[in-house]
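Q: Provided herewith is a single structure, encoded as C-alpha cells, for subsequent inquiry.
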Amino acid sequence: MRRSGILSFSLVLFFAFFLRADSLFAQASGGEKILYNGKIFTATNNPVAEAVSISGDKIVAVGSLATVLGTVTDRAELIDLKGNCLLPGLIDSHNHAIGGGESLMIATLNDVLLSKDELKKFAKQAIETKKGLRGDVLYIGGVHSSTWVAVGDLIDVFNKEPFISQGVVLRGSDKHTAWVNKVVLQRAGINAQFIRGLSETEKKYFGFNHADEPNGLISEAGYRKIEAVIPASPFEVIHDHATPLRTLEAAEKGAQYLNSFGITAWLDPSAGNIDEGENNSHLEVYNTLFGQKKLNAHVAAVVVAKANDDPAPQIEIVKKLQRRYKNVEGLKILGFKIFADGVLEYPTQTAAVSIPYTNTRQNGSLMFEPSKFKIFAAQADKEGLLVHVHAIGDRAVTETLNAFAYMRQSNGSNDIAHSITHLQVVIPNDFKRFSHLKIIANMQLLWANADSYVVDLVKPYLDPSLYRRQYPAASLLRAGVTISGSSDWPVSSANPFDAIHMGETRVGQKGVLDANEVMTRIEMLKAYTINAAKALMMERTIGTIESGKQADFVLVDRDVLTVSSEEVKKTSVLWTMFGGKIIYSK
C-alpha cells in the first residue's frame with residue numbers, strides 16, 4: 001500500500017513538472033537530472049529516499065520527490081526508475097582490475113575444479129586456440145587449489161604425451177601456488193641437488209619426495225625460479241615506458257566488466273612493485289586509460305613493498321609516484337601493500353598460524369620480521385602513507401596489529417585508513433584491537449563458507465581452536481570494527497551480490513561455516529559502499545547518496561533491502577552511472 005501511494009503521488013508531481021518544463025526536460029540544462037519512482041538506498045543514517053537530483057557530476061539533493069523537485073531547474077531531465085532499486089556506486093576495496101582484465105583474455109579455469117580428463121582436454125584446447133600459450137610454454141591460470149592434492153594426476157598427464165616436450169605451468173587462482181612439469185623444472189634447474197642446497201625455510205616453497213626429487217609443486221617465493229625461465233606475459237611491460245596494447249585492452253575490459261556489476265571504484269592492492277621505482281607499469285596503464293577517457297571509475301592504488309627493507313627509499317619512491325600522477329583525475333596513490341604471510345590450504349600452508357599445522361608441525365611463513373615491520377609501518381604513517389596488509393593466519397594478523405599499535409604509539413591517531421585484508425583466522429583477543437587502533441577489516445566474505453577449500457584443504461590440518469575462528473565478521477562488527485567489502489578478483493567472482501549473499505548465509509557446498517558470524521543485509525551493503533569508500537580514503541566524495549557527493553549510482557532489478565538471500569544473489573544490474581552519465585546498461 002505504501003509503495004502504491006508513493007507511486008501515485010509521484011505521477012501527480014511528474015505531470016505537474018512535465019507541464020512546467022514545456023516539453024524540454026529531455027534536453028537537460030547544465031546536466032541536471034531527477035531520478036524518481038524507485039527505492040533509493042542512500043547508505044546514510046536516513047537509508048531510504050524517494051528521489052535524488054543531480055547537476056553535472058554531483059548530487060544536489062536527496063529526499064522526498066516534492067523536496068527534490070525544487071532543487072533544480074524545470075529543464076532537468078527526469079529519469080524514471082520504474083520501481084527498481086537505486087544504490088550508491090558499489091566499491092570493491094581489494095580488486096586486481098588489470099589482472100582481472102587479463103584473465104578475460106587468457107586460458108583460465110576461474111577456480112573451477114576439473115577432473116584429470118577434463119583438465120587434459122582443457123589444456124589441449126588452450127594450445128589449439130593459443131589462448132594458453134606464452135611462447136613455447138602452456139600457461140593456465142585460475143587453477144583450483146584442490147588440484148594440488150592430486151599431484152600424481154598432474155604428473156601422469158603433463159609429463160607424458162602429448163605434453164612430454166611441452167613446457168606446462170598451472171598457476172593457482174590464489175597466485176600463491178603453482179605446478180610445473182619436468183620440462184619447466186629442468187629449465188629452472190630445479191632438481192634433487194637444488195632441493196638439498198636449500199635452507200629449511202626455502203624448502204617450504206617446493207614439493208619433493210623422500211629422495212628430494214621435485215614433484216612440480218611451487219609456492220610463494222619459489223615461483224620466481226619459474227618466472228625467470230618462461231616467456232613473459234604478453235601483458236607485461238619490459239623495461240621501457242611504453243604500455244603494450246594488450247595490457248591497455250585488458251585493463252579496459254576489466255574496468256568495463258566491473259562497471260557491469262555496478263562497481264564504480266576500487267582499491268588496486270598490487271599496483272606494481274616498489275622494485276619498478278618511478279617507472280610503475282600498472283600506474284602507467286591507469287594513467288593512459290584515464291587520459292584516453294576509457295576508464296569510468298575511481299582508482300586508489302597501493303604499491304607492493306618490502307617490510308624488512310629500509311622504509312626511507314621506498315617512501316621516497318611512492319612520494320615521487322604521487323607527484324608524477326597528481327593531476328590524473330580518478331587516480332589516487334595511497335601507499336603500500338605488504339605481505340605478512342601466504343595461504344592456509346594444503347599442501348601450501350604458508351599462512352602464519354600460532355598453533356602448528358597438524359601434518360607438518362610447522363607454523364607457516366611470517367613474511368616480515370616483526371621488529372622491522374613496526375619501523376616500516378610507523379615511518380609510512382608518519383609520512384601520510386597508507387599500509388594495506390595481506391594477513392590470513394592468526395599469527396600474521398596479531399603481528400600486523402602489533403606493528404600498528406607501535407605505529408599509533410609513535411605517531412598518535414590520524415585519518416589514514418590502514419587496513420588488513422583477508423583475515424581468514426582471527427583470534428578473539430584481536431577483535432577489539434582493530435577498533436581501538438582504527439584499522440579497517442578488509443574482508444572477502446564470498447570465501448566465508450564450508451566449501452572444498454575450507455573443509456578439505458584446511459579443516460584436517462588446522463587446529464580446531466583456530467578452525468572455529470574463520471572469517472569472524474559478526475564478532476568484529478560487535479567489537480566496533482569497520483568492515484569493507486572486497487572480492488580479490490580475479491581470485492574469485494567480482495560480483496558484489498555473490499559476496500552479499502554469502503556474507504549473510506555462509507552456506508557452502510559442504511555445509512555452513514559458523515552461522516554465528518553472519519552479517520545483515522544492511523551491513524553487507526554498507527561494506528560495499530560507505531565502508532569501502534573509507535578504505536579508499538574517499539568517503540567525503542563517494543560511498544553514499546547525499547548532497548555534494550559524486551553522482552555514482554547503480555540501478556538493480558530488485559529491492560535488495562528486502563528480498564531473500566537466495567534472491568539477492570540473482571540481482572541484475574540494469575545500468576551503472578558514473579559522474580552523472582550512464583556508462584553501462586543491460
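Labeling convention for the C-alpha cells: chains A, B, ... as they appear, residues from 1 per chain, ligands from 1 in order of appearance.
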DSSP on the backbone, strand (DSSP E or B) only: what residues of region 141-271 of chain A does that give? Format it as number ranges by chain.
A: A: 141-143, 167-172, 177-180, 206-208, 214-219, 263-268
Q: Could you pull the residues within 6 Å of Tyr36 (chain A), counting only C-alpha atoms, minus those fewer than 5 positions along the same chain, as a compact mmCIF listing (two decimals) with N, CA and C atoms, in the first residue's frame?
A:
```txt
# COMPACT_ATOMS: atom_id res chain seq x y z
N ALA A 51 13.69 10.18 -4.04
CA ALA A 51 14.22 10.80 -5.26
C ALA A 51 15.57 11.44 -4.98
N ASP A 80 12.96 7.96 -14.87
CA ASP A 80 12.01 7.10 -14.16
C ASP A 80 12.70 5.78 -13.82
N LEU A 81 12.84 5.50 -12.53
CA LEU A 81 13.48 4.25 -12.09
C LEU A 81 12.55 3.05 -12.19
```
Q: What are the closest atom pairs, with distances in Å to one decimal, for each residue of region 21-124 of chain A lying within 7 Å of region 553-562 of chain A, using only C-alpha atoms, rows by chain and rising residue number, as CSV?
A:
```
residue,atom,partner,partner_atom,distance
A:Asn84,CA,A:Asp557,CA,5.5
A:Cys85,CA,A:Val556,CA,5.4
A:Leu86,CA,A:Leu555,CA,4.5
A:Leu87,CA,A:Val554,CA,5.3
A:Pro88,CA,A:Phe553,CA,4.5
A:Gly89,CA,A:Phe553,CA,4.3
```
Q: Find the distance between CA of Leu138 (chain A) and CA of Leu154 (chain A) and write it in Å to one decimal.
A: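 It comes out at 13.8 Å.
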Q: May I ask which of the residues A:Ala527, A:Ala391, A:Val304, A:Leu466 is the closest one to Glu276 (chain A), counting only C-alpha atoms?
A: A:Val304
Q: For a quick check of understanding, using only C-alpha atoms, which of A:Gly503, A:Pro313, A:Gly152, A:Gly222 has the smallest distance to Leu185 (chain A)?
A: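 Closest to Leu185 (chain A), using only C-alpha atoms: A:Gly222.
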Q: Have a look at CA of Val137 (chain A) and CA of Ile274 (chain A) and let me know their distance in Å, one decimal.
A: 28.0 Å
Q: Pick out the closest residue to Asp341 (chain A) from this set: A:Lys382, A:Arg433, A:His176, A:Arg246. Count only C-alpha atoms.
A: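 That would be A:His176, the residue with the smallest distance to Asp341 (chain A).
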Q: Give one line per residue of region 36-154 of chain A that approaches region 573-579 of chain A to at most 9 Å, naming the two atoms of the closest pair and their distance in Å to one decimal, counting only C-alpha atoms; sort by chain then ascending residue number and deliver it as a tab-separated table.
A:
```
residue	atom	partner	partner_atom	distance
A:Gly56	CA	A:Gly579	CA	7.3
A:Asp57	CA	A:Gly579	CA	4.1
A:Lys58	CA	A:Gly579	CA	6.8
A:Gly89	CA	A:Thr576	CA	7.4
```
